[in-house]
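Novice: Just my_file23.pdb, nothing more (PDB, C-alpha atoms, pLDDT in the B column):
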```
ATOM      1  CA  MET A   1       0.000   0.000   0.000  1.00 71.00           C
ATOM      2  CA  ASN A   2       1.241   3.504  -0.777  1.00 83.00           C
ATOM      3  CA  PHE A   3       0.644   6.544   1.379  1.00 91.00           C
ATOM      4  CA  LYS A   4       0.793  10.272   0.714  1.00 90.00           C
ATOM      5  CA  HIS A   5       2.785  12.956   2.485  1.00 93.00           C
ATOM      6  CA  ASN A   6       0.793  14.346   5.457  1.00 91.00           C
ATOM      7  CA  GLN A   7      -1.686  11.411   5.397  1.00 92.00           C
ATOM      8  CA  LYS A   8      -3.026  10.401   8.809  1.00 92.00           C
ATOM      9  CA  VAL A   9      -2.275   6.799   9.781  1.00 95.00           C
ATOM     10  CA  THR A  10      -2.380   4.354  12.654  1.00 94.00           C
ATOM     11  CA  CYS A  11       0.152   1.587  13.310  1.00 96.00           C
ATOM     12  CA  GLU A  12       2.116  -0.323  15.909  1.00 96.00           C
ATOM     13  CA  ILE A  13       5.828   0.249  16.477  1.00 96.00           C
ATOM     14  CA  TYR A  14       7.456  -2.492  18.549  1.00 95.00           C
ATOM     15  CA  GLY A  15       3.926  -3.510  19.588  1.00 93.00           C
ATOM     16  CA  LYS A  16       2.978  -0.030  20.888  1.00 95.00           C
ATOM     17  CA  LYS A  17      -0.263   1.160  19.299  1.00 94.00           C
ATOM     18  CA  ILE A  18       0.097   4.590  17.658  1.00 94.00           C
ATOM     19  CA  THR A  19      -3.254   6.247  16.931  1.00 90.00           C
ATOM     20  CA  ASP A  20      -2.124   9.825  16.207  1.00 92.00           C
ATOM     21  CA  ALA A  21       0.419   9.837  13.380  1.00 95.00           C
ATOM     22  CA  LYS A  22       1.086  11.097   9.863  1.00 96.00           C
ATOM     23  CA  ILE A  23       3.283  10.009   6.987  1.00 96.00           C
ATOM     24  CA  SER A  24       6.113  12.350   5.988  1.00 95.00           C
ATOM     25  CA  ILE A  25       8.075  11.699   2.798  1.00 95.00           C
ATOM     26  CA  ASP A  26      11.503  13.307   2.456  1.00 94.00           C
ATOM     27  CA  LYS A  27      12.769  14.706  -0.858  1.00 92.00           C
ATOM     28  CA  ASP A  28      14.794  11.526  -1.429  1.00 93.00           C
ATOM     29  CA  GLY A  29      11.584   9.453  -1.152  1.00 92.00           C
ATOM     30  CA  THR A  30      12.220   8.034   2.322  1.00 94.00           C
ATOM     31  CA  PRO A  31       8.917   7.710   4.196  1.00 96.00           C
ATOM     32  CA  TYR A  32       8.538   8.291   7.938  1.00 97.00           C
ATOM     33  CA  ILE A  33       5.820   7.803  10.529  1.00 97.00           C
ATOM     34  CA  CYS A  34       5.626  11.049  12.477  1.00 97.00           C
ATOM     35  CA  GLN A  35       4.167  10.673  15.976  1.00 97.00           C
ATOM     36  CA  ASN A  36       4.705  11.582  19.631  1.00 97.00           C
ATOM     37  CA  GLU A  37       5.404   8.125  21.089  1.00 95.00           C
ATOM     38  CA  ILE A  38       8.677   6.537  19.917  1.00 94.00           C
ATOM     39  CA  ASN A  39      11.878   8.243  18.782  1.00 93.00           C
ATOM     40  CA  GLY A  40      13.604   6.957  15.647  1.00 90.00           C
ATOM     41  CA  CYS A  41      15.378   8.431  12.624  1.00 89.00           C
ATOM     42  CA  SER A  42      14.589  12.097  12.092  1.00 91.00           C
ATOM     43  CA  ALA A  43      12.485  13.152   9.095  1.00 94.00           C
ATOM     44  CA  ASP A  44      13.145  16.485   7.380  1.00 94.00           C
ATOM     45  CA  ASP A  45       9.545  17.474   8.207  1.00 95.00           C
ATOM     46  CA  LYS A  46       8.007  15.923  11.327  1.00 95.00           C
ATOM     47  CA  LEU A  47       4.656  17.605  10.536  1.00 95.00           C
ATOM     48  CA  GLY A  48       4.399  19.099  14.029  1.00 95.00           C
ATOM     49  CA  TYR A  49       5.085  15.837  15.860  1.00 97.00           C
ATOM     50  CA  LYS A  50       7.887  15.239  18.359  1.00 97.00           C
ATOM     51  CA  TYR A  51       9.333  12.063  16.757  1.00 96.00           C
ATOM     52  CA  SER A  52       9.583  10.250  13.437  1.00 96.00           C
ATOM     53  CA  TRP A  53      10.266   6.643  12.494  1.00 96.00           C
ATOM     54  CA  ALA A  54      11.886   5.743   9.160  1.00 95.00           C
ATOM     55  CA  LEU A  55      10.320   3.171   6.857  1.00 96.00           C
ATOM     56  CA  ASN A  56      11.523   1.369   3.761  1.00 94.00           C
ATOM     57  CA  LYS A  57      10.432   2.925   0.447  1.00 92.00           C
ATOM     58  CA  ASP A  58       7.609   0.352   0.255  1.00 93.00           C
ATOM     59  CA  PHE A  59       6.241   1.631   3.618  1.00 93.00           C
ATOM     60  CA  THR A  60       7.361  -1.436   5.578  1.00 92.00           C
ATOM     61  CA  TYR A  61       9.787  -1.983   8.413  1.00 92.00           C
ATOM     62  CA  ASP A  62      10.473  -5.050  10.563  1.00 89.00           C
ATOM     63  CA  ASN A  63       9.105  -3.598  13.800  1.00 93.00           C
ATOM     64  CA  VAL A  64       6.204  -1.642  12.278  1.00 95.00           C
ATOM     65  CA  THR A  65       2.910  -3.530  11.966  1.00 95.00           C
ATOM     66  CA  ASN A  66      -0.683  -2.708  11.063  1.00 94.00           C
ATOM     67  CA  LEU A  67       0.232   0.492   9.202  1.00 96.00           C
ATOM     68  CA  LYS A  68      -3.021   1.718   7.687  1.00 93.00           C
ATOM     69  CA  PRO A  69      -4.823   4.931   6.807  1.00 92.00           C
ATOM     70  CA  PHE A  70      -6.665   6.580   9.665  1.00 89.00           C
ATOM     71  CA  ASN A  71     -10.373   6.073   9.030  1.00 84.00           C
ATOM     72  CA  LYS A  72     -11.852   9.366  10.093  1.00 83.00           C
ATOM     73  CA  THR A  73     -15.386   9.428  11.464  1.00 88.00           C
ATOM     74  CA  ILE A  74     -17.758  12.302  12.161  1.00 90.00           C
ATOM     75  CA  ARG A  75     -16.374  12.358  15.727  1.00 89.00           C
ATOM     76  CA  ASP A  76     -12.862  13.061  14.381  1.00 86.00           C
ATOM     77  CA  VAL A  77     -13.741  16.257  12.501  1.00 89.00           C
ATOM     78  CA  GLU A  78     -11.265  19.120  12.469  1.00 88.00           C
ATOM     79  CA  ILE A  79     -11.575  22.791  11.595  1.00 91.00           C
ATOM     80  CA  GLY A  80     -11.719  23.066   7.809  1.00 92.00           C
ATOM     81  CA  ASP A  81     -13.375  19.678   7.204  1.00 92.00           C
ATOM     82  CA  ILE A  82     -16.413  19.729   4.930  1.00 94.00           C
ATOM     83  CA  LEU A  83     -19.582  17.945   6.052  1.00 95.00           C
ATOM     84  CA  ILE A  84     -22.412  16.997   3.698  1.00 95.00           C
ATOM     85  CA  ARG A  85     -26.105  16.582   4.492  1.00 94.00           C
ATOM     86  CA  ASP A  86     -28.739  16.111   1.796  1.00 92.00           C
ATOM     87  CA  GLY A  87     -26.247  17.267  -0.856  1.00 90.00           C
ATOM     88  CA  ASP A  88     -25.481  20.554   0.912  1.00 93.00           C
ATOM     89  CA  GLU A  89     -22.006  21.323   2.233  1.00 95.00           C
ATOM     90  CA  GLN A  90     -20.995  23.031   5.463  1.00 96.00           C
ATOM     91  CA  MET A  91     -17.487  23.701   6.744  1.00 96.00           C
ATOM     92  CA  VAL A  92     -16.396  22.930  10.298  1.00 95.00           C
ATOM     93  CA  LEU A  93     -15.474  26.320  11.786  1.00 96.00           C
ATOM     94  CA  ASP A  94     -14.991  25.280  15.425  1.00 95.00           C
ATOM     95  CA  VAL A  95     -14.567  22.041  17.358  1.00 94.00           C
ATOM     96  CA  ARG A  96     -14.952  21.906  21.110  1.00 92.00           C
ATOM     97  CA  GLU A  97     -15.110  19.007  23.550  1.00 87.00           C
ATOM     98  CA  LYS A  98     -18.726  18.085  22.782  1.00 91.00           C
ATOM     99  CA  ILE A  99     -19.877  20.419  20.000  1.00 95.00           C
ATOM    100  CA  VAL A 100     -19.013  21.375  16.438  1.00 96.00           C
ATOM    101  CA  GLY A 101     -19.585  24.818  14.900  1.00 96.00           C
ATOM    102  CA  LEU A 102     -20.651  24.787  11.251  1.00 96.00           C
ATOM    103  CA  SER A 103     -20.757  27.400   8.519  1.00 96.00           C
ATOM    104  CA  GLU A 104     -23.865  28.250   6.548  1.00 95.00           C
ATOM    105  CA  TYR A 105     -24.733  25.877   3.700  1.00 93.00           C
ATOM    106  CA  ASP A 106     -22.394  26.426   0.739  1.00 86.00           C
ATOM    107  CA  ASP A 107     -21.092  29.647   2.380  1.00 92.00           C
ATOM    108  CA  PHE A 108     -17.988  28.739   4.344  1.00 94.00           C
ATOM    109  CA  GLU A 109     -17.271  32.289   5.552  1.00 93.00           C
ATOM    110  CA  ASN A 110     -20.327  32.722   7.797  1.00 94.00           C
ATOM    111  CA  PHE A 111     -21.284  30.833  10.963  1.00 95.00           C
ATOM    112  CA  ASP A 112     -24.613  28.978  11.078  1.00 95.00           C
ATOM    113  CA  CYS A 113     -24.940  26.710  14.131  1.00 95.00           C
ATOM    114  CA  PHE A 114     -23.479  24.372  16.733  1.00 96.00           C
ATOM    115  CA  TYR A 115     -24.313  20.666  16.899  1.00 97.00           C
ATOM    116  CA  THR A 116     -23.271  17.935  19.289  1.00 96.00           C
ATOM    117  CA  PHE A 117     -21.585  14.893  17.752  1.00 95.00           C
ATOM    118  CA  GLU A 118     -24.754  12.911  18.480  1.00 96.00           C
ATOM    119  CA  GLU A 119     -26.851  15.447  16.553  1.00 96.00           C
ATOM    120  CA  LEU A 120     -24.482  15.364  13.572  1.00 96.00           C
ATOM    121  CA  GLU A 121     -24.901  11.580  13.415  1.00 94.00           C
ATOM    122  CA  LYS A 122     -28.675  11.766  14.020  1.00 95.00           C
ATOM    123  CA  TYR A 123     -29.186  14.334  11.238  1.00 95.00           C
ATOM    124  CA  GLY A 124     -27.145  12.280   8.767  1.00 94.00           C
ATOM    125  CA  TYR A 125     -24.052  14.437   8.336  1.00 95.00           C
ATOM    126  CA  LYS A 126     -21.164  12.716   6.515  1.00 93.00           C
ATOM    127  CA  LEU A 127     -17.573  13.706   5.882  1.00 91.00           C
ATOM    128  CA  LYS A 128     -17.149  14.941   2.318  1.00 86.00           C
ATOM    129  CA  ASP A 129     -14.040  12.906   1.677  1.00 69.00           C
ATOM    130  CA  GLU A 130     -14.919   9.645   3.389  1.00 54.00           C
ATOM    131  CA  PRO A 131     -12.440   7.037   2.192  1.00 45.00           C
ATOM    132  CA  GLU A 132     -13.720   4.815  -0.564  1.00 44.00           C
ATOM    133  CA  GLU A 133     -13.455   1.075  -0.285  1.00 43.00           C
ATOM    134  CA  GLU A 134      -9.963   0.011  -1.258  1.00 49.00           C
ATOM    135  CA  ILE A 135      -9.732  -1.790  -4.600  1.00 54.00           C
ATOM    136  CA  GLU A 136      -7.492  -4.834  -4.548  1.00 62.00           C
ATOM    137  CA  GLU A 137      -5.319  -5.296  -7.637  1.00 67.00           C
ATOM    138  CA  LEU A 138      -4.910  -8.920  -8.759  1.00 68.00           C
ATOM    139  CA  THR A 139      -3.126 -10.605 -11.628  1.00 76.00           C
ATOM    140  CA  VAL A 140      -5.021 -12.975 -13.920  1.00 74.00           C
ATOM    141  CA  GLU A 141      -3.215 -15.866 -12.230  1.00 79.00           C
ATOM    142  CA  GLN A 142      -4.382 -14.683  -8.798  1.00 76.00           C
ATOM    143  CA  VAL A 143      -7.992 -14.387 -10.006  1.00 71.00           C
ATOM    144  CA  CYS A 144      -7.845 -17.910 -11.456  1.00 69.00           C
ATOM    145  CA  LYS A 145      -6.543 -19.233  -8.154  1.00 77.00           C
ATOM    146  CA  GLU A 146      -9.256 -17.344  -6.178  1.00 71.00           C
ATOM    147  CA  LEU A 147     -12.022 -18.649  -8.446  1.00 71.00           C
ATOM    148  CA  GLY A 148     -10.541 -22.130  -8.649  1.00 80.00           C
ATOM    149  CA  ARG A 149     -10.855 -22.213 -12.449  1.00 78.00           C
ATOM    150  CA  ASP A 150      -9.158 -20.996 -15.619  1.00 80.00           C
ATOM    151  CA  ILE A 151     -10.122 -17.754 -17.315  1.00 73.00           C
ATOM    152  CA  LYS A 152      -9.825 -16.938 -21.002  1.00 74.00           C
ATOM    153  CA  ILE A 153      -9.176 -13.286 -21.801  1.00 74.00           C
ATOM    154  CA  ILE A 154     -11.043 -12.074 -24.886  1.00 74.00           C
ATOM    155  CA  LYS A 155      -9.696  -9.020 -26.683  1.00 67.00           C
TER     156      LYS A 155
END
```
The structure in this file should be written as structure tokens.
Specialist:
Amino acid sequence: MNFKHNQKVTCEIYGKKITDAKISIDKDGTPYICQNEINGCSADDKLGYKYSWALNKDFTYDNVTNLKPFNKTIRDVEIGDILIRDGDEQMVLDVREKIVGLSEYDDFENFDCFYTFEELEKYGYKLKDEPEEEIEELTVEQVCKELGRDIKIIK
């Protein structure tokens, strides 16, 4: 799996679960997990975190497991996120402990209202950029093995 610079991730480093981290990719292509838990090799840009941990160019490392994109939910919203309800968009302007301040519909400069996280869920708000289901790439040989039969490709 490939990741992008500044992408939020979760993982385990030496068995310690890391839930607040981002990928940083140096100019030479070396990827790092930036986080505040375990010190490792230093990335050029730690993206505001205290530590970074170097990875191989294929985003693997012997003591790093379960590296995956952070699946953001409505309860993880941040200022600047766009929420959608019934096709209309509102921007998150403020996030407090239990409430979220939203802009007017399709007018991100003006404040509209506050909702609790429960109300956002109840009213059907969704994150604009919810991750799509990952598509698995397979070779023809892998598909044949999965199906347990041969396939003829017609051009």
Novice: Counting all atoms listed in the file, which residues sit no farther than 10 Å from the position (6.3, 12.3, 19.3) in the file's frame? I'd like them as a list in words.
Specialist: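 Applying the cut-off with all atoms listed in the file, one gets Asp20, Ala21, Ile33, Cys34, Gln35, Asn36, Glu37, Ile38, Asn39, Gly40, Lys46, Gly48, Tyr49, Lys50, Tyr51, Ser52 and Trp53 of chain A.
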Novice: A:Leu47, A:Lys27, A:Phe108, A:Asn63: which is nearest Ile79 (chain A), counting all atoms listed in the file?
Specialist: A:Phe108
Novice: I'd like to know which of A:Thr10, A:Ser24, A:Thr116, A:Gln142 is closest to Arg75 (chain A), using all atoms listed in the file.
Specialist: A:Thr116
Novice: Let me know the residues the PyMOL selection byres ((chain A and resi 11) around 10) catches in the file above, as a PyMOL selection string.
Specialist: chain A and resi 9-10+12-21+33+64-70
Novice: From the set A:Gln90, A:Glu104, A:Cys41, A:Ile153, which residue has the shortest atom-to-atom contact distance to Val140 (chain A), counting all atoms listed in the file?
Specialist: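 When distances to Val140 (chain A) are compared using all atoms listed in the file, the smallest one comes from A:Ile153.
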Novice: Which one of A:Ile74, A:Leu55, A:Ile99, A:Ile23 sits closest to Cys113 (chain A) if you count all atoms listed in the file?
Specialist: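 Distance minimum relative to Cys113 (chain A) lands on A:Ile99.
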Novice: What is the distance, in Å and to one decimal place, between CA of Asp44 (chain A) and CA of Phe59 (chain A)?
Specialist: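 CA of Asp44 (chain A) sits 16.8 Å away from CA of Phe59 (chain A).
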Novice: With only C-alpha atoms counted, which protein, DNA or RNA residues have an atom no more than 12 Å from (-17.5, 22.0, 23.7) in the file frame? Please answer as a PyMOL selection string.
Specialist: chain A and resi 94-101+114-117
Novice: Compare A:Ile25, A:Ile84, A:Ile154, A:Leu102 by their minimum atom-to-atom distance to Lys57 (chain A), counting only C-alpha atoms, and give me the closest one.
Specialist: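 Answer, going by the shortest atom-to-atom distance: A:Ile25.
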Novice: Kindly give the distance, in Å, that separates CA of Gln7 (chain A) and CA of Asp112 (chain A), rounded to a single decimal.
Specialist: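 The value is 29.4 Å.
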Novice: Using all atoms listed in the file, find the one residue out of A:Val143, A:Leu83, A:Ala54, A:Leu93 that sits nearest to Leu120 (chain A).
Specialist: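 With all atoms listed in the file as the atom set, the closest residue is A:Leu83.
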Novice: Hey, can you check how far CA of Asp76 (chain A) sits from CA of Tyr105 (chain A)?
Specialist: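 Value for the CA of Asp76 (chain A)-CA of Tyr105 (chain A) distance: 20.5 Å.
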